[in-house]
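Participant: Have a look at this one before I ask anything.
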Amino acid sequence: MADLWQDAMDHAVTAARGAGRQVVREALREDRKVMTKSSSVDLVTQTDQKVEQLIIQSVKEKYPTHRFIGEESVAAGEPCVLSDEPTWIIDPIDGTTNFVHGFPFVAVSVGFSVNRQIEFGVVYSCLEDKMFTARRGRGSFCNGQPLQVSAQTDVGQSVIATEFGSNRDPEVVDGIFSSLRNVLAIPVHGVRSAGTAAINMCLVASGCVEAYYEMGMHVWDLAAASLLVTEAGGVLMDVEGGPFDLMSRRVIAANNRSIGQRIAREIRAYAPVRDDAP
Ligand code: IPD
């Protein structure tokens, strides 16, 4: 059967690689002017804005009727609406804090949804020069090599990824540490943070970590990499163990359901304001 969206996916791969190599990597050689958004630790740079504009412009020329959810466009006041229409969900730099500090995990993330279902996901890890791709029903790949989640079934033999996010509300921070303490004390082999949700999820897809959980990230951090996880054989769920909801800002991505559910039992859940809140 012809693949309706292959051409769009090829475009996403070219755009993400081009932006990552020519704009993000170049910018890392220069001084980066840092601005803030919702708080003093929610960072943005001109490079985030430039990459998002470049990708959106190139897509608009090819697909003028398609819609967009872009991190920096939403920050600038555009609505964050996931409809049935073909929608490009873009995080121009996932790992902006890493980018600002030169911590070497920075990704350009492009997801594409139709009827609210992710059709393809592209995550380009700019400094590692790794191109992660997934097409619905056709598997996950890194630089063209197929990916498979870990076969581990014992949570005690697992490495778990999570993040601390950018919410510094003491109650939220206490919740993060309480969950972290519970997960470590299972006990697991270790806990890791790449500093980007998309790369954490690609690590689950690659079989390097068994699960990743977080609350507070956004649809643009998750969209592309969510398909990488499921197409590599993994599962997605809510942090309380229910069905995953792309707009809820909560996720567990795991190699299998039993490890995901085990992690869910240890998380002190809270409900961030949804991405589609009016
Ligand atoms: C952030 C990263 C980080 C996660 C935050 C995200 P950004 O995305 O994915 O790992 O902890 O919740 O907001 O702002 O660098 O695109």
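To be explicit about the labels: the chains of the structure tokens are called A, B, and onward in the order shown, and within each one the residues are counted from 1, while ligands get numbers from 1 in the order they are shown.
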Taking only C-alpha atoms and all ligand atoms into account, which residues have an atom no farther than 7 Å from ligand 1? I'd like them as a PyMOL selection string.

Facilitator: chain A and resi 42-43+91+93-97+163-166+194-198+216-218+221

Participant: Give me the residues of range 47-150 of chain A that have any atom at most 8 Å from an atom of range 273-278 of chain A; for each, the nearest atom pair and the distance in Å, rounded to one decimal. Use only C-alpha atoms, sort by chain and number, and format it as CSV.

Facilitator:
```
residue,atom,partner,partner_atom,distance
A:Cys80,CA,A:Asp276,CA,6.0
A:Val81,CA,A:Asp276,CA,6.2
A:Leu82,CA,A:Asp276,CA,7.7
```

Participant: Give me a file of those residues, with C-alpha atoms, as a PDB file, in the first residue's frame.

Facilitator:
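That gives us out-v5.pdb:
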```pdb
ATOM      1  CA  CYS A  80      -2.225  24.904  21.167  1.00  0.00           C
ATOM      2  CA  VAL A  81      -4.926  22.879  19.417  1.00  0.00           C
ATOM      3  CA  LEU A  82      -4.681  19.246  18.386  1.00  0.00           C
TER       4      LEU A  82
END
```

Participant: Going by DSSP on the backbone, which bits of range 135-224 of chain A are strand (DSSP E)? Write them as a ChimeraX atom specification, please.

Facilitator: /A:135,140-142,145-146,159-162,190-192,211-215

Participant: Atoms to include: C-alpha atoms. Write the selected residues as a compact mmCIF listing (two decimals), in the first residue's frame.

Facilitator:
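Done, and the output landed in selection_2.txt:
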```
# COMPACT_ATOMS: atom_id res chain seq x y z
CA ARG A 135 6.50 5.74 11.02
CA SER A 140 11.58 2.76 14.83
CA PHE A 141 15.08 3.46 13.61
CA CYS A 142 18.26 5.28 14.57
CA GLN A 145 19.10 0.81 12.10
CA PRO A 146 15.98 -0.79 13.67
CA VAL A 159 17.58 1.95 34.67
CA ILE A 160 14.87 4.61 34.83
CA ALA A 161 15.04 8.08 33.25
CA THR A 162 13.25 11.11 34.61
CA GLY A 190 19.99 3.65 38.52
CA VAL A 191 18.16 6.82 37.56
CA ARG A 192 19.30 9.08 34.69
CA ALA A 211 11.35 3.50 31.47
CA TYR A 212 11.06 7.28 31.49
CA TYR A 213 8.50 9.24 33.47
CA GLU A 214 7.81 12.94 33.91
CA MET A 215 5.02 15.41 34.65
```

Participant: Excluding same-chain residues fewer than 5 positions from Arg268 in chain A, what lies within 7 Å of it counting only C-alpha atoms, as a JSON list (two decimals) with C-alpha atoms, in the first residue's frame?

Facilitator:
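selection.json, freshly written:
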```json
[["chain", "number", "residue", "atom", "x", "y", "z"],
["A", 175, "GLY", "CA", 6.57, 15.57, 44.83],
["A", 178, "SER", "CA", 9.27, 11.85, 46.78],
["A", 179, "SER", "CA", 8.70, 9.96, 43.50]]
```

Participant: Please identify the alpha helix (DSSP H) residues within range 92-144 of chain A (assignment by DSSP from backbone atoms) and present them as a short mmCIF file (atom, residue, chain, number, x, y, z; two decimals) with C-alpha atoms, in the first residue's frame.

Facilitator:
```cif
data_model
loop_
_atom_site.label_atom_id
_atom_site.label_comp_id
_atom_site.auth_asym_id
_atom_site.auth_seq_id
_atom_site.Cartn_x
_atom_site.Cartn_y
_atom_site.Cartn_z
CA THR A 96 17.11 24.29 25.73
CA THR A 97 18.80 24.37 29.16
CA ASN A 98 21.36 21.87 27.84
CA PHE A 99 21.83 24.03 24.75
CA VAL A 100 22.41 27.15 26.86
CA HIS A 101 25.01 25.37 28.99
#
```

Participant: What's the 10 Å shell around Val24 in chain A, counting only C-alpha atoms, without same-chain residues fewer than 6 positions away, as a PyMOL selection string?

Facilitator: chain A and resi 17-18+47-48+50-51+92-93+99+106-108+126-127

Participant: Find the distance between CA of Asp169 in chain A and CA of Ala271 in chain A and write it in Å to one decimal.

Facilitator: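 Between CA of Asp169 in chain A and CA of Ala271 in chain A the gap works out to 13.3 Å.
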
Participant: Excluding same-chain residues fewer than 6 positions from Arg262 in chain A, what lies within 12 Å of it counting only C-alpha atoms, as a ChimeraX atom specification?

Facilitator: /A:153-156,158,160,182-183,186-188,210-211,213,237,239-241,252,254-256

Participant: Selection from above, N, CA and C atoms, as a PDB file, in the first residue's frame, can you write it?

Facilitator:
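The result, written out as again-v9.pdb:
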```pdb
ATOM      1  N   THR A 153      12.391  -7.721  32.314  1.00  0.00           N
ATOM      2  CA  THR A 153      11.071  -7.775  32.954  1.00  0.00           C
ATOM      3  C   THR A 153      11.162  -7.491  34.456  1.00  0.00           C
ATOM      4  N   ASP A 154      12.394  -7.425  34.976  1.00  0.00           N
ATOM      5  CA  ASP A 154      12.586  -7.206  36.414  1.00  0.00           C
ATOM      6  C   ASP A 154      12.930  -5.731  36.635  1.00  0.00           C
ATOM      7  N   VAL A 155      12.032  -5.026  37.297  1.00  0.00           N
ATOM      8  CA  VAL A 155      12.280  -3.598  37.519  1.00  0.00           C
ATOM      9  C   VAL A 155      13.554  -3.382  38.342  1.00  0.00           C
ATOM     10  N   GLY A 156      13.885  -4.345  39.183  1.00  0.00           N
ATOM     11  CA  GLY A 156      15.088  -4.253  40.007  1.00  0.00           C
ATOM     12  C   GLY A 156      16.379  -4.314  39.194  1.00  0.00           C
ATOM     13  N   SER A 158      16.622  -2.600  36.337  1.00  0.00           N
ATOM     14  CA  SER A 158      16.329  -1.571  35.327  1.00  0.00           C
ATOM     15  C   SER A 158      17.006  -0.242  35.620  1.00  0.00           C
ATOM     16  N   ILE A 160      16.066   3.795  35.053  1.00  0.00           N
ATOM     17  CA  ILE A 160      14.873   4.615  34.831  1.00  0.00           C
ATOM     18  C   ILE A 160      15.323   6.047  34.558  1.00  0.00           C
ATOM     19  N   ASN A 182      11.133   7.025  45.942  1.00  0.00           N
ATOM     20  CA  ASN A 182      10.412   5.741  45.858  1.00  0.00           C
ATOM     21  C   ASN A 182      10.960   4.869  44.732  1.00  0.00           C
ATOM     22  N   VAL A 183      11.230   5.487  43.585  1.00  0.00           N
ATOM     23  CA  VAL A 183      11.727   4.713  42.438  1.00  0.00           C
ATOM     24  C   VAL A 183      13.117   4.160  42.753  1.00  0.00           C
ATOM     25  N   ILE A 186      13.204   1.122  45.042  1.00  0.00           N
ATOM     26  CA  ILE A 186      12.527  -0.146  44.654  1.00  0.00           C
ATOM     27  C   ILE A 186      13.377  -1.363  45.040  1.00  0.00           C
ATOM     28  N   PRO A 187      14.672  -1.477  44.839  1.00  0.00           N
ATOM     29  CA  PRO A 187      15.603  -0.530  44.246  1.00  0.00           C
ATOM     30  C   PRO A 187      15.807  -0.845  42.764  1.00  0.00           C
ATOM     31  N   VAL A 188      16.153   0.224  41.996  1.00  0.00           N
ATOM     32  CA  VAL A 188      16.491   0.030  40.587  1.00  0.00           C
ATOM     33  C   VAL A 188      18.016   0.167  40.438  1.00  0.00           C
ATOM     34  N   GLU A 210      14.915   1.328  30.794  1.00  0.00           N
ATOM     35  CA  GLU A 210      13.660   0.563  30.718  1.00  0.00           C
ATOM     36  C   GLU A 210      12.438   1.484  30.723  1.00  0.00           C
ATOM     37  N   ALA A 211      12.531   2.622  31.418  1.00  0.00           N
ATOM     38  CA  ALA A 211      11.352   3.502  31.469  1.00  0.00           C
ATOM     39  C   ALA A 211      11.781   4.950  31.678  1.00  0.00           C
ATOM     40  N   TYR A 213       9.750   8.618  33.025  1.00  0.00           N
ATOM     41  CA  TYR A 213       8.496   9.244  33.471  1.00  0.00           C
ATOM     42  C   TYR A 213       8.751  10.716  33.747  1.00  0.00           C
ATOM     43  N   MET A 237       1.898   5.218  28.994  1.00  0.00           N
ATOM     44  CA  MET A 237       0.748   5.282  29.906  1.00  0.00           C
ATOM     45  C   MET A 237       0.815   6.566  30.714  1.00  0.00           C
ATOM     46  N   VAL A 239       0.882   8.680  34.278  1.00  0.00           N
ATOM     47  CA  VAL A 239       1.681   8.430  35.491  1.00  0.00           C
ATOM     48  C   VAL A 239       0.887   7.720  36.595  1.00  0.00           C
ATOM     49  N   GLU A 240      -0.464   7.657  36.453  1.00  0.00           N
ATOM     50  CA  GLU A 240      -1.247   6.873  37.412  1.00  0.00           C
ATOM     51  C   GLU A 240      -1.634   5.515  36.823  1.00  0.00           C
ATOM     52  N   GLY A 241      -1.051   5.182  35.678  1.00  0.00           N
ATOM     53  CA  GLY A 241      -1.244   3.849  35.098  1.00  0.00           C
ATOM     54  C   GLY A 241      -2.364   3.753  34.070  1.00  0.00           C
ATOM     55  N   ILE A 252       4.399   8.022  31.288  1.00  0.00           N
ATOM     56  CA  ILE A 252       5.391   6.962  31.533  1.00  0.00           C
ATOM     57  C   ILE A 252       5.572   6.286  30.183  1.00  0.00           C
ATOM     58  N   ALA A 254       7.579   3.047  28.719  1.00  0.00           N
ATOM     59  CA  ALA A 254       8.294   1.898  29.291  1.00  0.00           C
ATOM     60  C   ALA A 254       8.490   0.808  28.250  1.00  0.00           C
ATOM     61  N   ASN A 255       9.429  -0.090  28.562  1.00  0.00           N
ATOM     62  CA  ASN A 255       9.685  -1.197  27.633  1.00  0.00           C
ATOM     63  C   ASN A 255       8.545  -2.203  27.644  1.00  0.00           C
ATOM     64  N   ASN A 256       7.851  -2.324  28.788  1.00  0.00           N
ATOM     65  CA  ASN A 256       6.665  -3.205  28.825  1.00  0.00           C
ATOM     66  C   ASN A 256       5.700  -2.696  29.896  1.00  0.00           C
TER      67      ASN A 256
END
```
